[in-house]
file my_file_21.cif (mmCIF, C-alpha atoms)
data_model
#
loop_
_atom_site.group_PDB
_atom_site.id
_atom_site.type_symbol
_atom_site.label_atom_id
_atom_site.label_comp_id
_atom_site.auth_asym_id
_atom_site.auth_seq_id
_atom_site.Cartn_x
_atom_site.Cartn_y
_atom_site.Cartn_z
ATOM 1 C CA MET A 17 -17.644 -7.705 -0.368
ATOM 2 C CA SER A 18 -16.426 -11.070 -1.708
ATOM 3 C CA ARG A 19 -19.951 -12.480 -1.501
ATOM 4 C CA LEU A 20 -21.239 -9.477 -3.409
ATOM 5 C CA LYS A 21 -18.646 -9.966 -6.120
ATOM 6 C CA THR A 22 -19.420 -13.684 -6.367
ATOM 7 C CA SER A 23 -23.152 -13.008 -6.605
ATOM 8 C CA LYS A 24 -22.562 -10.271 -9.165
ATOM 9 C CA GLY A 25 -20.409 -12.614 -11.231
ATOM 10 C CA LYS A 26 -23.116 -15.275 -11.206
ATOM 11 C CA TRP A 27 -25.732 -12.804 -12.379
ATOM 12 C CA ILE A 28 -23.432 -11.583 -15.165
ATOM 13 C CA LEU A 29 -22.892 -15.197 -16.249
ATOM 14 C CA LEU A 30 -26.628 -15.856 -16.147
ATOM 15 C CA ILE A 31 -27.319 -12.775 -18.282
ATOM 16 C CA ALA A 32 -24.656 -13.912 -20.758
ATOM 17 C CA VAL A 33 -26.291 -17.338 -21.052
ATOM 18 C CA ILE A 34 -29.733 -15.789 -21.576
ATOM 19 C CA ALA A 35 -28.299 -13.462 -24.231
ATOM 20 C CA MET A 36 -26.729 -16.422 -26.037
ATOM 21 C CA VAL A 37 -30.024 -18.311 -25.904
ATOM 22 C CA ALA A 38 -31.839 -15.282 -27.328
ATOM 23 C CA VAL A 39 -29.338 -14.965 -30.191
ATOM 24 C CA LEU A 40 -29.549 -18.651 -31.089
ATOM 25 C CA ALA A 41 -33.316 -18.738 -30.676
ATOM 26 C CA GLY A 42 -33.490 -15.913 -33.189
ATOM 27 C CA CYS A 43 -32.280 -18.422 -35.763
ATOM 28 C CA THR A 44 -35.374 -20.570 -35.190
ATOM 29 C CA PRO A 45 -37.279 -21.270 -38.409
ATOM 30 C CA GLN A 46 -40.492 -19.280 -38.468
ATOM 31 C CA GLY A 47 -43.971 -20.123 -39.637
ATOM 32 C CA ALA A 48 -45.416 -23.595 -40.032
ATOM 33 C CA GLY A 49 -41.995 -25.209 -40.277
ATOM 34 C CA VAL A 50 -39.569 -26.036 -43.029
ATOM 35 C CA THR A 51 -38.271 -29.266 -44.482
ATOM 36 C CA THR A 52 -34.919 -30.743 -43.610
ATOM 37 C CA GLU A 53 -33.798 -30.064 -47.168
ATOM 38 C CA ASP A 54 -34.723 -26.387 -46.742
ATOM 39 C CA LEU A 55 -32.478 -26.232 -43.674
ATOM 40 C CA LYS A 56 -29.622 -27.758 -45.673
ATOM 41 C CA ASN A 57 -29.963 -25.102 -48.399
ATOM 42 C CA SER A 58 -30.458 -22.228 -45.988
ATOM 43 C CA ASP A 59 -28.220 -19.148 -46.184
ATOM 44 C CA SER A 60 -27.899 -19.224 -42.394
ATOM 45 C CA PHE A 61 -24.729 -20.977 -41.222
ATOM 46 C CA TRP A 62 -26.476 -22.011 -37.991
ATOM 47 C CA GLN A 63 -29.400 -23.665 -39.795
ATOM 48 C CA SER A 64 -27.489 -25.291 -42.652
ATOM 49 C CA ASN A 65 -24.531 -26.612 -40.641
ATOM 50 C CA VAL A 66 -25.965 -27.285 -37.194
ATOM 51 C CA VAL A 67 -29.771 -27.430 -37.064
ATOM 52 C CA TYR A 68 -29.890 -29.376 -40.340
ATOM 53 C CA TRP A 69 -28.034 -32.364 -38.854
ATOM 54 C CA PHE A 70 -30.323 -32.494 -35.837
ATOM 55 C CA SER A 71 -33.399 -32.364 -38.103
ATOM 56 C CA TYR A 72 -31.868 -35.013 -40.375
ATOM 57 C CA ALA A 73 -31.297 -37.244 -37.355
ATOM 58 C CA LEU A 74 -34.932 -36.798 -36.269
ATOM 59 C CA ASP A 75 -36.151 -37.820 -39.728
ATOM 60 C CA THR A 76 -33.820 -40.833 -39.719
ATOM 61 C CA PHE A 77 -34.908 -42.028 -36.285
ATOM 62 C CA ALA A 78 -38.563 -41.569 -37.247
ATOM 63 C CA THR A 79 -38.115 -43.933 -40.197
ATOM 64 C CA TRP A 80 -36.812 -46.562 -37.752
ATOM 65 C CA PHE A 81 -40.102 -46.339 -35.840
ATOM 66 C CA LYS A 82 -42.384 -46.130 -38.921
ATOM 67 C CA GLY A 83 -42.967 -42.399 -38.684
ATOM 68 C CA GLU A 84 -43.270 -42.138 -34.871
ATOM 69 C CA TYR A 85 -41.576 -38.785 -34.299
ATOM 70 C CA GLY A 86 -42.454 -38.941 -30.606
ATOM 71 C CA LEU A 87 -40.044 -41.872 -30.275
ATOM 72 C CA ALA A 88 -37.547 -40.116 -32.536
ATOM 73 C CA VAL A 89 -37.449 -37.194 -30.069
ATOM 74 C CA LEU A 90 -36.817 -39.689 -27.254
ATOM 75 C CA VAL A 91 -33.875 -41.279 -29.111
ATOM 76 C CA MET A 92 -32.461 -37.818 -29.863
ATOM 77 C CA VAL A 93 -32.651 -36.830 -26.201
ATOM 78 C CA LEU A 94 -30.955 -40.068 -25.114
ATOM 79 C CA ILE A 95 -28.115 -39.609 -27.597
ATOM 80 C CA VAL A 96 -27.529 -35.903 -26.915
ATOM 81 C CA ARG A 97 -27.728 -36.222 -23.127
ATOM 82 C CA THR A 98 -25.392 -39.224 -23.170
ATOM 83 C CA LEU A 99 -22.855 -37.391 -25.341
ATOM 84 C CA ILE A 100 -22.738 -34.450 -22.914
ATOM 85 C CA LEU A 101 -22.608 -36.755 -19.886
ATOM 86 C CA PRO A 102 -18.857 -36.090 -19.373
ATOM 87 C CA LEU A 103 -19.626 -32.373 -19.034
ATOM 88 C CA THR A 104 -22.403 -33.155 -16.577
ATOM 89 C CA MET A 105 -20.053 -35.323 -14.529
ATOM 90 C CA LYS A 106 -17.609 -32.418 -14.445
ATOM 91 C CA GLN A 107 -20.404 -30.286 -12.988
ATOM 92 C CA VAL A 108 -21.080 -32.969 -10.382
ATOM 93 C CA ARG A 109 -17.431 -33.191 -9.353
ATOM 94 C CA SER A 110 -17.268 -29.416 -9.027
ATOM 95 C CA SER A 111 -20.413 -29.390 -6.903
ATOM 96 C CA LYS A 112 -19.097 -32.142 -4.617
ATOM 97 C CA ALA A 113 -15.738 -30.404 -4.246
ATOM 98 C CA MET A 114 -17.480 -27.164 -3.293
ATOM 99 C CA GLN A 115 -19.576 -29.006 -0.728
ATOM 100 C CA ALA A 116 -16.531 -30.670 0.800
ATOM 101 C CA ILE A 117 -14.784 -27.370 1.560
ATOM 102 C CA GLN A 118 -17.858 -25.602 2.940
ATOM 103 C CA PRO A 119 -16.740 -25.935 6.609
ATOM 104 C CA GLN A 120 -13.375 -24.362 5.765
ATOM 105 C CA LEU A 121 -15.042 -21.564 3.831
ATOM 106 C CA LYS A 122 -17.245 -20.778 6.826
ATOM 107 C CA GLU A 123 -14.194 -20.718 9.109
ATOM 108 C CA ILE A 124 -12.450 -18.257 6.800
ATOM 109 C CA GLN A 125 -15.522 -16.018 6.635
ATOM 110 C CA ALA A 126 -15.896 -16.045 10.427
ATOM 111 C CA LYS A 127 -12.179 -15.501 11.099
ATOM 112 C CA TYR A 128 -11.720 -12.597 8.680
ATOM 113 C CA LYS A 129 -15.249 -11.163 8.725
ATOM 114 C CA ASP A 130 -13.906 -7.646 9.306
ATOM 115 C CA THR A 131 -11.440 -7.809 6.391
ATOM 116 C CA PRO A 132 -13.239 -8.764 3.136
ATOM 117 C CA GLU A 133 -10.004 -8.607 1.140
ATOM 118 C CA LYS A 134 -8.445 -11.228 3.399
ATOM 119 C CA VAL A 135 -11.546 -13.421 3.024
ATOM 120 C CA GLN A 136 -11.172 -13.278 -0.729
ATOM 121 C CA GLN A 137 -7.447 -14.064 -0.588
ATOM 122 C CA GLU A 138 -7.878 -17.025 1.771
ATOM 123 C CA THR A 139 -10.841 -18.317 -0.241
ATOM 124 C CA MET A 140 -8.844 -18.287 -3.477
ATOM 125 C CA LYS A 141 -5.960 -19.981 -1.648
ATOM 126 C CA LEU A 142 -8.347 -22.688 -0.407
ATOM 127 C CA PHE A 143 -9.664 -23.211 -3.948
ATOM 128 C CA GLN A 144 -6.117 -23.606 -5.271
ATOM 129 C CA GLU A 145 -5.057 -26.015 -2.516
ATOM 130 C CA ASN A 146 -8.092 -28.242 -3.143
ATOM 131 C CA LYS A 147 -8.009 -27.769 -6.941
ATOM 132 C CA VAL A 148 -11.541 -26.367 -6.952
ATOM 133 C CA ASN A 149 -12.746 -24.102 -9.747
ATOM 134 C CA PRO A 150 -15.970 -22.340 -8.657
ATOM 135 C CA MET A 151 -16.808 -21.627 -12.308
ATOM 136 C CA ALA A 152 -16.379 -25.244 -13.406
ATOM 137 C CA GLY A 153 -20.034 -25.977 -12.709
ATOM 138 C CA CYS A 154 -21.132 -23.151 -15.009
ATOM 139 C CA LEU A 155 -18.800 -23.632 -17.969
ATOM 140 C CA PRO A 156 -20.249 -27.019 -19.027
ATOM 141 C CA LEU A 157 -23.693 -25.412 -19.094
ATOM 142 C CA ILE A 158 -22.482 -22.751 -21.532
ATOM 143 C CA ILE A 159 -20.955 -25.448 -23.733
ATOM 144 C CA GLN A 160 -24.211 -27.423 -23.691
ATOM 145 C CA MET A 161 -26.447 -24.510 -24.636
ATOM 146 C CA PRO A 162 -25.755 -24.548 -28.421
ATOM 147 C CA ILE A 163 -26.587 -28.285 -28.435
ATOM 148 C CA TYR A 164 -29.871 -27.704 -26.629
ATOM 149 C CA ILE A 165 -30.813 -24.771 -28.870
ATOM 150 C CA ALA A 166 -29.977 -26.716 -32.038
ATOM 151 C CA LEU A 167 -32.166 -29.579 -30.862
ATOM 152 C CA TYR A 168 -34.902 -27.080 -29.971
ATOM 153 C CA ASN A 169 -34.670 -25.475 -33.428
ATOM 154 C CA SER A 170 -34.759 -28.821 -35.215
ATOM 155 C CA ILE A 171 -37.881 -29.888 -33.321
ATOM 156 C CA TYR A 172 -39.620 -26.549 -33.755
ATOM 157 C CA GLY A 173 -38.840 -26.194 -37.455
ATOM 158 C CA ASN A 174 -39.272 -29.733 -38.768
ATOM 159 C CA SER A 175 -42.465 -29.655 -40.847
ATOM 160 C CA SER A 176 -42.637 -33.459 -41.100
ATOM 161 C CA LEU A 177 -42.645 -33.763 -37.332
ATOM 162 C CA ARG A 178 -45.408 -31.159 -37.040
ATOM 163 C CA THR A 179 -47.873 -33.270 -39.059
ATOM 164 C CA HIS A 180 -47.532 -36.422 -36.948
ATOM 165 C CA ASP A 181 -49.407 -37.662 -33.893
ATOM 166 C CA PHE A 182 -47.992 -39.328 -30.817
ATOM 167 C CA LEU A 183 -50.292 -40.857 -28.189
ATOM 168 C CA TRP A 184 -52.958 -38.164 -27.650
ATOM 169 C CA LEU A 185 -50.692 -35.407 -28.975
ATOM 170 C CA GLN A 186 -50.624 -33.569 -32.264
ATOM 171 C CA LEU A 187 -46.900 -32.781 -32.258
ATOM 172 C CA GLY A 188 -47.341 -29.582 -34.235
ATOM 173 C CA GLU A 189 -50.072 -28.232 -31.923
ATOM 174 C CA PRO A 190 -50.132 -27.330 -28.215
ATOM 175 C CA ASP A 191 -51.590 -29.860 -25.780
ATOM 176 C CA HIS A 192 -54.814 -28.140 -24.686
ATOM 177 C CA LEU A 193 -55.644 -31.060 -22.373
ATOM 178 C CA PHE A 194 -52.900 -29.713 -20.042
ATOM 179 C CA ILE A 195 -51.540 -33.251 -19.516
ATOM 180 C CA LEU A 196 -48.107 -32.736 -21.081
ATOM 181 C CA PRO A 197 -47.592 -29.193 -19.684
ATOM 182 C CA VAL A 198 -48.370 -30.509 -16.185
ATOM 183 C CA LEU A 199 -45.984 -33.455 -16.616
ATOM 184 C CA ALA A 200 -43.235 -31.149 -17.904
ATOM 185 C CA ALA A 201 -43.742 -28.745 -14.981
ATOM 186 C CA ILE A 202 -43.788 -31.511 -12.340
ATOM 187 C CA THR A 203 -40.637 -33.186 -13.649
ATOM 188 C CA THR A 204 -38.942 -29.773 -13.847
ATOM 189 C CA PHE A 205 -39.843 -29.152 -10.195
ATOM 190 C CA ILE A 206 -38.475 -32.555 -9.136
ATOM 191 C CA GLN A 207 -35.270 -32.019 -11.099
ATOM 192 C CA THR A 208 -34.696 -28.548 -9.602
ATOM 193 C CA TRP A 209 -35.536 -29.788 -6.091
ATOM 194 C CA MET A 210 -32.982 -32.586 -6.425
ATOM 195 C CA MET A 211 -30.311 -30.149 -7.582
ATOM 196 C CA MET A 212 -31.114 -27.772 -4.716
ATOM 197 C CA ARG A 213 -30.562 -30.547 -2.162
ATOM 198 C CA MET A 214 -27.321 -31.649 -3.778
ATOM 199 C CA ASN A 215 -25.632 -28.269 -4.266
ATOM 200 C CA PRO A 216 -23.532 -26.198 -1.850
ATOM 201 C CA ALA A 217 -25.322 -24.057 0.732
ATOM 202 C CA GLN A 218 -24.480 -20.706 -0.886
ATOM 203 C CA GLN A 219 -26.295 -21.774 -4.079
ATOM 204 C CA ILE A 220 -29.522 -22.784 -2.321
ATOM 205 C CA GLY A 221 -30.909 -19.229 -2.184
ATOM 206 C CA PRO A 222 -30.977 -18.671 -5.974
ATOM 207 C CA MET A 223 -32.179 -22.252 -6.541
ATOM 208 C CA GLN A 224 -35.113 -21.790 -4.149
ATOM 209 C CA PHE A 225 -36.245 -18.966 -6.394
ATOM 210 C CA MET A 226 -35.847 -21.163 -9.484
ATOM 211 C CA LEU A 227 -37.597 -24.065 -7.739
ATOM 212 C CA TRP A 228 -40.940 -22.283 -8.179
ATOM 213 C CA VAL A 229 -40.329 -19.924 -11.097
ATOM 214 C CA TYR A 230 -38.799 -22.443 -13.513
ATOM 215 C CA PRO A 231 -41.655 -25.022 -13.402
ATOM 216 C CA ILE A 232 -44.246 -22.254 -13.867
ATOM 217 C CA LEU A 233 -42.278 -20.923 -16.840
ATOM 218 C CA ILE A 234 -42.061 -24.411 -18.350
ATOM 219 C CA PHE A 235 -45.812 -24.941 -17.858
ATOM 220 C CA VAL A 236 -46.716 -21.673 -19.592
ATOM 221 C CA MET A 237 -44.389 -22.344 -22.524
ATOM 222 C CA SER A 238 -45.515 -25.970 -22.788
ATOM 223 C CA TYR A 239 -49.133 -24.856 -23.115
ATOM 224 C CA GLN A 240 -48.272 -22.388 -25.886
ATOM 225 C CA PHE A 241 -45.633 -24.263 -27.907
ATOM 226 C CA PRO A 242 -46.112 -27.266 -30.224
ATOM 227 C CA SER A 243 -46.306 -30.478 -28.197
ATOM 228 C CA ALA A 244 -42.995 -31.772 -29.565
ATOM 229 C CA LEU A 245 -41.118 -29.212 -27.447
ATOM 230 C CA PRO A 246 -42.628 -30.005 -24.014
ATOM 231 C CA LEU A 247 -42.310 -33.680 -24.963
ATOM 232 C CA TYR A 248 -38.584 -33.082 -25.379
ATOM 233 C CA TRP A 249 -38.468 -31.247 -22.009
ATOM 234 C CA PHE A 250 -40.333 -34.096 -20.333
ATOM 235 C CA TYR A 251 -37.968 -36.746 -21.747
ATOM 236 C CA SER A 252 -34.958 -34.640 -20.813
ATOM 237 C CA ASN A 253 -36.217 -34.083 -17.257
ATOM 238 C CA ILE A 254 -36.768 -37.805 -16.730
ATOM 239 C CA TYR A 255 -33.260 -38.508 -18.006
ATOM 240 C CA THR A 256 -31.806 -35.857 -15.663
ATOM 241 C CA ILE A 257 -33.724 -37.131 -12.623
ATOM 242 C CA VAL A 258 -32.487 -40.697 -13.145
ATOM 243 C CA GLN A 259 -28.970 -39.489 -13.961
ATOM 244 C CA ASN A 260 -28.714 -37.279 -10.857
ATOM 245 C CA TYR A 261 -30.012 -40.055 -8.636
ATOM 246 C CA PHE A 262 -27.100 -42.299 -9.608
ATOM 247 C CA LEU A 263 -24.504 -39.515 -9.706
ATOM 248 C CA TYR A 264 -25.443 -38.062 -6.307
ATOM 249 C CA ARG A 265 -26.770 -41.080 -4.410
ATOM 250 C CA ASN A 266 -23.612 -41.356 -2.257
ATOM 251 C CA ASN A 267 -23.061 -37.608 -2.158
ATOM 252 C CA ASP A 268 -23.865 -37.110 1.559
ATOM 253 C CA LYS A 269 -21.630 -40.026 2.520
ATOM 254 C CA VAL A 270 -18.692 -38.741 0.455
ATOM 255 C CA VAL A 271 -18.999 -35.191 1.796
ATOM 256 C CA ALA A 272 -19.304 -36.481 5.362
ATOM 257 C CA GLU A 273 -16.141 -38.593 4.951
ATOM 258 C CA VAL A 274 -14.238 -35.602 3.578
ATOM 259 C CA ASN A 275 -15.418 -33.419 6.461
ATOM 260 C CA VAL A 276 -14.385 -36.076 9.005
ATOM 261 C CA LYS A 277 -10.918 -36.276 7.458
ATOM 262 C CA GLN A 278 -10.604 -32.490 7.486
ATOM 263 C CA ASN A 279 -11.741 -32.284 11.111
ATOM 264 C CA SER A 280 -9.378 -35.064 12.206
ATOM 265 C CA SER A 281 -6.426 -33.463 10.430
ATOM 266 C CA SER A 282 -7.197 -30.078 11.990
ATOM 267 C CA LYS A 283 -7.444 -31.698 15.432
ATOM 268 C CA LYS A 284 -4.102 -33.435 14.939
ATOM 269 C CA GLY A 285 -2.557 -30.131 13.976
ATOM 270 C CA ALA A 286 -3.994 -28.507 17.089
ATOM 271 C CA LYS A 287 -2.697 -31.334 19.300
ATOM 272 C CA ARG A 288 0.779 -30.973 17.854
ATOM 273 C CA LYS A 289 0.768 -27.264 18.612
ATOM 274 C CA ASN A 290 -0.538 -27.808 22.127
ATOM 275 C CA GLY A 291 1.964 -30.598 22.689
ATOM 276 C CA GLY A 292 4.804 -28.326 21.670
ATOM 277 C CA LYS A 293 3.654 -25.658 24.073
ATOM 278 C CA ALA A 294 3.338 -28.201 26.879
ATOM 279 C CA THR A 295 6.886 -29.392 26.306
ATOM 280 C CA VAL A 296 8.244 -25.881 26.421
ATOM 281 C CA SER A 297 6.345 -25.073 29.599
ATOM 282 C CA GLY A 298 7.530 -28.341 31.147
ATOM 283 C CA LYS A 299 11.163 -27.504 30.470
ATOM 284 C CA GLY A 300 10.612 -24.052 31.901
ATOM 285 C CA SER A 301 9.196 -25.464 35.161
ATOM 286 C CA LYS A 302 12.102 -27.872 35.551
ATOM 287 C CA GLY A 303 14.522 -25.009 35.072
ATOM 288 C CA ALA A 304 12.672 -23.018 37.669
ATOM 289 C CA LYS A 305 12.951 -25.876 40.179
ATOM 290 C CA LYS A 306 16.679 -26.175 39.567
ATOM 291 C CA SER A 307 17.184 -22.465 40.132
ATOM 292 C CA LYS A 308 15.390 -22.775 43.452
#

call {"tool": "encode", "arguments": {"input": "my_file_21.cif", "output": "structure tokens"}}
result
Amino acid sequence: MSRLKTSKGKWILLIAVIAMVAVLAGCTPQGAGVTTEDLKNSDSFWQSNVVYWFSYALDTFATWFKGEYGLAVLVMVLIVRTLILPLTMKQVRSSKAMQAIQPQLKEIQAKYKDTPEKVQQETMKLFQENKVNPMAGCLPLIIQMPIYIALYNSIYGNSSLRTHDFLWLQLGEPDHLFILPVLAAITTFIQTWMMMRMNPAQQIGPMQFMLWVYPILIFVMSYQFPSALPLYWFYSNIYTIVQNYFLYRNNDKVVAEVNVKQNSSSKKGAKRKNGGKATVSGKGSKGAKKSK
């Protein structure tokens, strides 16, 4: 029952995120794009107060590189992803904490398998004792979504960006050579695969599904959308792959050390209990001898 509730909660959270994305994406400028000044004078609060500043930053960075908007997108990704790095590190800490208590969670599930309510109570108690918040890994994602959507809107709606080339790409047109869509899909697969290996066991099932569906989805969208968008996804994926390598490179070692400490402490507790029983039984035998 507790597993069902947890799974149901995750799906509800996922639906909420998708709904938020749909609402924000509805604010995306339509047509062939608008100017940054148009965004500033827009009647939409989202476009004039959020998307405008992202588009303004893109224009500013492009002037640094003599009109190379492809490099401007790269600088934007680096800045945005670095700013939200603290939230990402919070996700990592939550993931590592969940991994560390996996053996204890399995013990609770095996011990109280016939009483789901007790499983839920002991699980929540374990979370509190170890200061683990199972939702901590999801909350940063929700906070990041408006940033991602604003960056998406600024790239999609910036008419100046749409008229520029970068390498073999026309940033305002899809890449019909399939090169960028393939690169975006491959890096998405690698990123998801890395996350699947680094997350707790109970999250592997849903991530296995995403491991194949998400890259296909990215490929299809990359082939249909202006090249600036899959270029942003590609940059972002590379950043995430490098970031996760450094954040998780000692993950197995840390989790193993935590598990060893937990096992040793549980063994010490068992020895103390057994030692107490042995002492009592010893006293009892001596008393029996005296009575004889």

call {"tool": "closest_residue", "arguments": {"input": "my_file_21.cif", "among": "A:Gln137, A:Thr204, A:Ser58, A:Thr104", "to": "Asn260 in chain A", "atoms": "only C-alpha atoms"}}
result
A:Thr104

call {"tool": "closest_residue", "arguments": {"input": "my_file_21.cif", "among": "A:Pro197, A:Pro102, A:Gly188, A:Gly86", "to": "Val236 in chain A", "atoms": "all atoms listed in the file"}}
result
A:Pro197

call {"tool": "residues_near_point", "arguments": {"input": "my_file_21.cif", "point": "(-33.5, -27.2, -43.4)", "cutoff": "8 Å", "atoms": "all atoms listed in the file", "output": "number ranges by chain"}}
result
A: 50-58, 63-64, 67-68, 71, 174

call {"tool": "atom_distance", "arguments": {"input": "my_file_21.cif", "atom1": "CA of Asp191 in chain A", "atom2": "CA of Ser243 in chain A"}}
result
5.8 Å

call {"tool": "closest_atom_pairs", "arguments": {"input": "my_file_21.cif", "of": "range 41-154 of chain A", "to": "range 178-181 of chain A", "cutoff": "12 Å", "atoms": "all atoms listed in the file", "output": "CSV"}}
result
residue,atom,partner,partner_atom,distance
A:Gly47,CA,A:Arg178,CA,11.4
A:Ala48,CA,A:Arg178,CA,8.1
A:Gly49,CA,A:Arg178,CA,7.6
A:Val50,CA,A:Arg178,CA,9.8
A:Thr51,CA,A:Arg178,CA,10.5
A:Leu74,CA,A:Arg178,CA,11.9
A:Asp75,CA,A:Arg178,CA,11.7
A:Ala78,CA,A:His180,CA,10.3
A:Lys82,CA,A:His180,CA,11.2
A:Gly83,CA,A:His180,CA,7.7
A:Glu84,CA,A:His180,CA,7.4
A:Tyr85,CA,A:His180,CA,6.9
A:Gly86,CA,A:Asp181,CA,7.8
A:Leu87,CA,A:Asp181,CA,10.9
A:Ala88,CA,A:His180,CA,11.5

call {"tool": "atom_distance", "arguments": {"input": "my_file_21.cif", "atom1": "CA of Val66 in chain A", "atom2": "CA of Leu167 in chain A"}}
result
9.2 Å

call {"tool": "resolve_selection", "arguments": {"input": "my_file_21.cif", "expression": "the PyMOL selection byres ((chain A and resi 166) around 9)", "output": "JSON, numbers by chain"}}
result
{"A": [40, 41, 44, 62, 63, 66, 67, 68, 70, 71, 161, 162, 163, 164, 165, 167, 168, 169, 170, 171]}

call {"tool": "closest_residue", "arguments": {"input": "my_file_21.cif", "among": "A:Pro242, A:Phe77, A:Thr208, A:Gln160", "to": "Gln186 in chain A", "atoms": "all atoms listed in the file"}}
result
A:Pro242

call {"tool": "atom_distance", "arguments": {"input": "my_file_21.cif", "atom1": "CA of Met226 in chain A", "atom2": "CA of Phe205 in chain A"}}
result
9.0 Å

call {"tool": "closest_residue", "arguments": {"input": "my_file_21.cif", "among": "A:Leu227, A:Ile234, A:Val135, A:Leu94", "to": "Leu196 in chain A", "atoms": "only C-alpha atoms"}}
result
A:Ile234

call {"tool": "closest_residue", "arguments": {"input": "my_file_21.cif", "among": "A:Tyr255, A:Phe262, A:Phe250, A:Trp69", "to": "Arg97 in chain A", "atoms": "all atoms listed in the file"}}
result
A:Tyr255

call {"tool": "closest_residue", "arguments": {"input": "my_file_21.cif", "among": "A:Lys134, A:Arg109, A:Lys122, A:Lys127", "to": "Asn149 in chain A", "atoms": "only C-alpha atoms"}}
result
A:Arg109

call {"tool": "residues_around", "arguments": {"input": "my_file_21.cif", "residues": "Met105 in chain A", "least_positions_apart": "4", "cutoff": "10 Å", "atoms": "all atoms listed in the file", "output": "tab-separated table (two decimals) with C-alpha atoms, in the frame of the given file"}}
result
chain	number	residue	atom	x	y	z
A	100	ILE	CA	-22.74	-34.45	-22.91
A	101	LEU	CA	-22.61	-36.76	-19.89
A	109	ARG	CA	-17.43	-33.19	-9.35
A	110	SER	CA	-17.27	-29.42	-9.03
A	111	SER	CA	-20.41	-29.39	-6.90
A	153	GLY	CA	-20.03	-25.98	-12.71
A	156	PRO	CA	-20.25	-27.02	-19.03
A	259	GLN	CA	-28.97	-39.49	-13.96
A	260	ASN	CA	-28.71	-37.28	-10.86
A	263	LEU	CA	-24.50	-39.52	-9.71
